[in-house]
Amino acid sequence: MAGPPVIIWEHEVKRLLHYKELIPRLEDALMKFSKRENADVIQPVRITMPLQKHNGFMALMPAYMENDGILCSKFVCFYKREEASTLPAVQATVVLLDPEYGNVKAVMDGEVITKMRTAAVSAISAKLLMRPGAEVLTILGTGKQALSHYNVFTEMFSFKEVRVWSHRKQNMEKFGQSVSGPLTICNSAEEAVRGADVIVTVTRCTEPVLFGQWVKPGAHIAAVGACRPTWRELDDVLMKEAVVYVDSREGAMVESGDIILSGAEVFAELGDVINGTKPAHREKTTVFKSLGMAVEDAVSAKLVFDQWKANSSQT
């Protein structure tokens, strides 16, 4: 008989989850997802319902990886907050189940998982698509996702300069105090973007904040914000000039305002590049539109649970 579910709190997830172990598992998950074989991954497009009174949404993100024995779902609430709001923009909980018995094995805080797997997939996109010898990284945004992206990008790559910009100077200064390495604070988004080799957009914007006329030819952009069909971070010029990659075609066509409203064509999924079925156009300007996938949460949660079990068996 199955025992009660394990509860793994935020501080424990943070202690157990590391990019070195996470990134290879995410690359494998992206590859399996893009093969579209049911024994590898079954993942519907996330189910979303509005929380109109609170200017937000609740989403359910289930995934089943039959060959890996992983059954998982994430419950996530995300909100369009005012810039000065102290309320969280995203709150998430991940549930890991036994696929044979159907019981819940673990309930864990989803915030760290969401931040780390999102940033890790953006870093995978840069690994695949940015030009060799990239020297300048720009991050637009100063929230929790901005910090996780700073951490993994500076861990994986050797940039000579990292720039940041957001609407509020005090947020940039606070961000500068929270990072462990050098940072250039910019006075405008354009100043931050001009000449950058890699650009990460992790903003709350619902209208374009990054414009194609600013972007260096051959730059790589990881666009992480604007996860609703009416929200934008990138303008039409950039979306139509760039080669566009996504995590999920199905998700992008119903959830990404940057793709839907610009009419841009999706060239490939990241998993297609990993599988070798589509090329990585490093010589061109590339956009990776990240929406996040349940399979990313699933392999992250399995890693956390396995690490928790290994630690528990040693005590």
# chains A, B, ... in the order shown; residues from 1 in each chain; ligands from 1
$ residues_around --residues "region 127-136 of chain A" --least-positions-apart "5" --cutoff "9 Å" --atoms "only C-alpha atoms" --output "compact mmCIF listing (two decimals) with N, CA, C and O atoms, in the first residue's frame"
# COMPACT_ATOMS: atom_id res chain seq x y z
N SER A 122 16.26 28.22 -21.97
CA SER A 122 16.77 29.39 -22.68
C SER A 122 18.27 29.24 -22.95
O SER A 122 18.76 29.57 -24.04
N MET A 156 27.16 28.84 -17.75
CA MET A 156 27.41 28.04 -18.95
C MET A 156 28.32 28.71 -19.96
O MET A 156 29.03 28.03 -20.71
N PHE A 157 28.28 30.06 -20.02
CA PHE A 157 29.00 30.78 -21.06
C PHE A 157 29.91 31.84 -20.45
O PHE A 157 29.71 32.26 -19.31
N SER A 158 30.89 32.28 -21.24
CA SER A 158 31.84 33.30 -20.77
C SER A 158 31.62 34.60 -21.54
O SER A 158 32.24 34.83 -22.59
N PHE A 159 30.70 35.42 -21.04
CA PHE A 159 30.45 36.72 -21.65
C PHE A 159 31.41 37.77 -21.08
O PHE A 159 31.73 37.74 -19.88
N LYS A 160 31.84 38.69 -21.92
CA LYS A 160 32.69 39.78 -21.45
C LYS A 160 31.89 40.86 -20.75
O LYS A 160 32.42 41.59 -19.91
N GLU A 161 30.60 40.98 -21.12
CA GLU A 161 29.74 42.00 -20.51
C GLU A 161 28.33 41.46 -20.38
O GLU A 161 27.82 40.80 -21.30
N VAL A 162 27.70 41.75 -19.25
CA VAL A 162 26.29 41.44 -19.05
C VAL A 162 25.58 42.75 -18.72
O VAL A 162 25.97 43.46 -17.79
N ARG A 163 24.55 43.06 -19.50
CA ARG A 163 23.79 44.29 -19.33
C ARG A 163 22.38 43.98 -18.82
O ARG A 163 21.84 42.90 -19.10
N GLY A 195 24.18 46.20 -30.06
CA GLY A 195 25.46 45.49 -30.07
C GLY A 195 25.48 44.20 -29.28
O GLY A 195 26.50 43.50 -29.28
N ALA A 196 24.38 43.84 -28.62
CA ALA A 196 24.35 42.61 -27.82
C ALA A 196 24.30 41.38 -28.73
O ALA A 196 23.63 41.38 -29.76
N ASP A 197 25.01 40.34 -28.32
CA ASP A 197 25.02 39.09 -29.08
C ASP A 197 23.87 38.17 -28.68
O ASP A 197 23.36 37.41 -29.50
N VAL A 198 23.50 38.21 -27.40
CA VAL A 198 22.41 37.40 -26.88
C VAL A 198 21.51 38.31 -26.05
O VAL A 198 22.01 39.09 -25.22
N ILE A 199 20.20 38.23 -26.27
CA ILE A 199 19.23 39.07 -25.57
C ILE A 199 18.17 38.17 -24.95
O ILE A 199 17.59 37.31 -25.63
N GLY A 218 22.37 38.69 -36.59
CA GLY A 218 23.00 37.48 -36.09
C GLY A 218 22.86 37.27 -34.60
O GLY A 218 23.36 36.28 -34.07
N ALA A 219 22.18 38.20 -33.92
CA ALA A 219 21.97 38.03 -32.48
C ALA A 219 20.98 36.90 -32.22
O ALA A 219 20.16 36.54 -33.07
N HIS A 220 21.05 36.35 -31.02
CA HIS A 220 20.07 35.34 -30.58
C HIS A 220 19.23 35.93 -29.47
O HIS A 220 19.75 36.52 -28.52
N ILE A 221 17.91 35.76 -29.58
CA ILE A 221 16.97 36.28 -28.58
C ILE A 221 16.23 35.12 -27.96
O ILE A 221 15.66 34.27 -28.66
N LEU A 270 13.06 23.43 -30.64
CA LEU A 270 14.43 23.15 -30.17
C LEU A 270 14.74 21.66 -30.27
O LEU A 270 15.86 21.27 -30.61
N VAL A 273 16.14 20.55 -33.52
CA VAL A 273 17.57 20.84 -33.69
C VAL A 273 18.41 19.79 -32.97
O VAL A 273 19.40 19.28 -33.50
N ILE A 274 17.99 19.45 -31.75
CA ILE A 274 18.71 18.43 -30.98
C ILE A 274 18.65 17.08 -31.70
O ILE A 274 19.65 16.34 -31.75
N ALA A 280 20.42 24.48 -37.11
CA ALA A 280 20.58 25.64 -36.23
C ALA A 280 21.19 26.77 -37.07
O ALA A 280 22.36 26.68 -37.47
N HIS A 281 20.42 27.81 -37.33
CA HIS A 281 20.89 28.91 -38.18
C HIS A 281 21.66 29.93 -37.33
O HIS A 281 21.20 31.05 -37.09
N ARG A 282 22.85 29.55 -36.91
CA ARG A 282 23.66 30.42 -36.06
C ARG A 282 24.07 31.71 -36.75
O ARG A 282 24.33 32.72 -36.09
N GLU A 283 24.16 31.66 -38.08
CA GLU A 283 24.62 32.84 -38.83
C GLU A 283 23.53 33.90 -38.98
O GLU A 283 23.81 35.02 -39.40
N LYS A 284 22.31 33.55 -38.65
CA LYS A 284 21.18 34.46 -38.81
C LYS A 284 20.68 34.95 -37.44
O LYS A 284 21.02 34.39 -36.40
N THR A 285 19.86 36.00 -37.47
CA THR A 285 19.18 36.44 -36.25
C THR A 285 18.14 35.38 -35.90
O THR A 285 17.35 34.97 -36.74
N THR A 286 18.19 34.90 -34.66
CA THR A 286 17.28 33.84 -34.24
C THR A 286 16.49 34.26 -33.00
O THR A 286 17.00 34.98 -32.14
N VAL A 287 15.24 33.82 -32.95
CA VAL A 287 14.38 34.03 -31.78
C VAL A 287 13.95 32.66 -31.28
O VAL A 287 13.44 31.84 -32.05
N PHE A 288 14.17 32.42 -30.00
CA PHE A 288 13.56 31.26 -29.34
C PHE A 288 12.41 31.78 -28.50
O PHE A 288 12.63 32.51 -27.53
$ closest_atom_pairs --of "region 210-249 of chain A" --to "region 71-86 of chain A" --cutoff "12 Å" --atoms "only C-alpha atoms" --output "CSV"
residue,atom,partner,partner_atom,distance
A:Gly225,CA,A:Lys80,CA,10.9
A:Ala226,CA,A:Lys80,CA,9.9
A:Cys227,CA,A:Phe78,CA,9.6
A:Arg228,CA,A:Lys80,CA,10.4
A:Trp231,CA,A:Lys80,CA,10.2
$ write_last_selection --atoms "N, CA, C and O atoms" --output "mmCIF file, in the first residue's frame"
data_model
loop_
_atom_site.group_PDB
_atom_site.id
_atom_site.type_symbol
_atom_site.label_atom_id
_atom_site.label_comp_id
_atom_site.auth_asym_id
_atom_site.auth_seq_id
_atom_site.Cartn_x
_atom_site.Cartn_y
_atom_site.Cartn_z
ATOM 1 N N GLY A 225 8.906 36.190 -21.612
ATOM 2 C CA GLY A 225 7.656 36.771 -21.124
ATOM 3 C C GLY A 225 6.544 36.634 -22.155
ATOM 4 O O GLY A 225 6.648 35.867 -23.120
ATOM 5 N N ALA A 226 5.443 37.372 -21.952
ATOM 6 C CA ALA A 226 4.333 37.414 -22.917
ATOM 7 C C ALA A 226 3.824 36.015 -23.255
ATOM 8 O O ALA A 226 3.938 35.538 -24.387
ATOM 9 N N CYS A 227 3.236 35.356 -22.253
ATOM 10 C CA CYS A 227 2.797 33.962 -22.424
ATOM 11 C C CYS A 227 1.305 33.845 -22.729
ATOM 12 O O CYS A 227 0.717 32.786 -22.532
ATOM 13 N N ARG A 228 0.690 34.934 -23.194
ATOM 14 C CA ARG A 228 -0.716 34.908 -23.577
ATOM 15 C C ARG A 228 -0.857 35.352 -25.035
ATOM 16 O O ARG A 228 -0.009 36.086 -25.553
ATOM 17 N N TRP A 231 -0.475 39.120 -25.633
ATOM 18 C CA TRP A 231 0.658 39.818 -25.036
ATOM 19 C C TRP A 231 1.858 39.751 -25.972
ATOM 20 O O TRP A 231 2.071 38.769 -26.676
#
$ closest_residue --among "A:Val295, A:Ala39, A:Met61, A:Met172" --to "Arg25 (chain A)" --atoms "only C-alpha atoms"
A:Val295
$ closest_residue --among "A:Ala252, A:Ile260, A:Ala310, A:Ala2" --to "Val45 (chain A)" --atoms "only C-alpha atoms"
A:Ala252
$ residues_around --residues "Met65 (chain A)" --least-positions-apart "3" --cutoff "6 Å" --atoms "only C-alpha atoms" --output "count of residues only"
5
$ atom_distance --atom1 "CA of Asp236 (chain A)" --atom2 "CA of Phe211 (chain A)"
8.1 Å
$ residues_around --residues "region 190-193 of chain A" --least-positions-apart "4" --cutoff "7 Å" --atoms "only C-alpha atoms" --output "PyMOL selection string"
chain A and resi 138+163-165+186+214-215
$ residues_around --residues "Gly143 (chain A)" --least-positions-apart "4" --cutoff "8 Å" --atoms "only C-alpha atoms" --output "list of chain:residue names"
A:Leu147, A:Phe175, A:Val202, A:Thr203
$ write_last_selection --atoms "all heavy atoms" --output "tab-separated table (two decimals), in the first residue's frame"
chain	number	residue	atom	x	y	z
A	147	LEU	N	16.94	36.79	-12.75
A	147	LEU	CA	18.02	36.31	-11.91
A	147	LEU	C	18.41	34.87	-12.27
A	147	LEU	O	19.60	34.55	-12.36
A	147	LEU	CB	17.64	36.40	-10.44
A	147	LEU	CG	18.70	35.96	-9.42
A	147	LEU	CD1	19.98	36.76	-9.59
A	147	LEU	CD2	18.16	36.08	-8.00
A	175	PHE	N	18.65	44.35	-8.42
A	175	PHE	CA	19.10	43.19	-9.20
A	175	PHE	C	20.62	43.11	-9.18
A	175	PHE	O	21.19	42.04	-9.00
A	175	PHE	CB	18.59	43.30	-10.63
A	175	PHE	CG	18.92	42.12	-11.50
A	175	PHE	CD1	18.19	40.96	-11.44
A	175	PHE	CD2	19.98	42.19	-12.40
A	175	PHE	CE1	18.50	39.87	-12.25
A	175	PHE	CE2	20.31	41.11	-13.21
A	175	PHE	CZ	19.56	39.95	-13.14
A	202	VAL	N	12.62	38.93	-20.24
A	202	VAL	CA	11.88	38.30	-19.13
A	202	VAL	C	11.10	39.41	-18.42
A	202	VAL	O	11.33	39.72	-17.26
A	202	VAL	CB	12.82	37.56	-18.15
A	202	VAL	CG1	13.17	36.20	-18.66
A	202	VAL	CG2	14.10	38.36	-17.89
A	203	THR	N	10.16	39.99	-19.14
A	203	THR	CA	9.43	41.16	-18.65
A	203	THR	C	7.96	40.83	-18.41
A	203	THR	O	7.47	39.78	-18.80
A	203	THR	CB	9.50	42.32	-19.66
A	203	THR	OG1	8.65	42.02	-20.78
A	203	THR	CG2	10.93	42.55	-20.15
$ closest_residue --among "A:Lys14, A:Arg194, A:Lys216, A:His54" --to "Leu87 (chain A)" --atoms "only C-alpha atoms"
A:His54
$ select_by_dssp --residues "region 36-265 of chain A" --states "helix (DSSP H, G or I)" --output "ChimeraX atom specification"
/A:52-54,111-129,144-156,169-178,189-193,212-214,236-241,249-255,257-262
$ residues_around --residues "Ser148 (chain A)" --least-positions-apart "4" --cutoff "9 Å" --atoms "only C-alpha atoms" --output "list in words"
Lys115, Met116, Thr118, Ala119, Ala120, Gly143, Lys144, Val152 and Phe153 of chain A
$ closest_residue --among "A:Ile113, A:Val6, A:Leu26, A:Leu291" --to "Val254 (chain A)" --atoms "only C-alpha atoms"
A:Leu291
$ atom_distance --atom1 "CA of Arg46 (chain A)" --atom2 "CA of Phe33 (chain A)"
14.6 Å
$ closest_residue --among "A:Ala146, A:Leu261, A:Val209, A:Ala92" --to "Phe57 (chain A)" --atoms "only C-alpha atoms"
A:Ala92
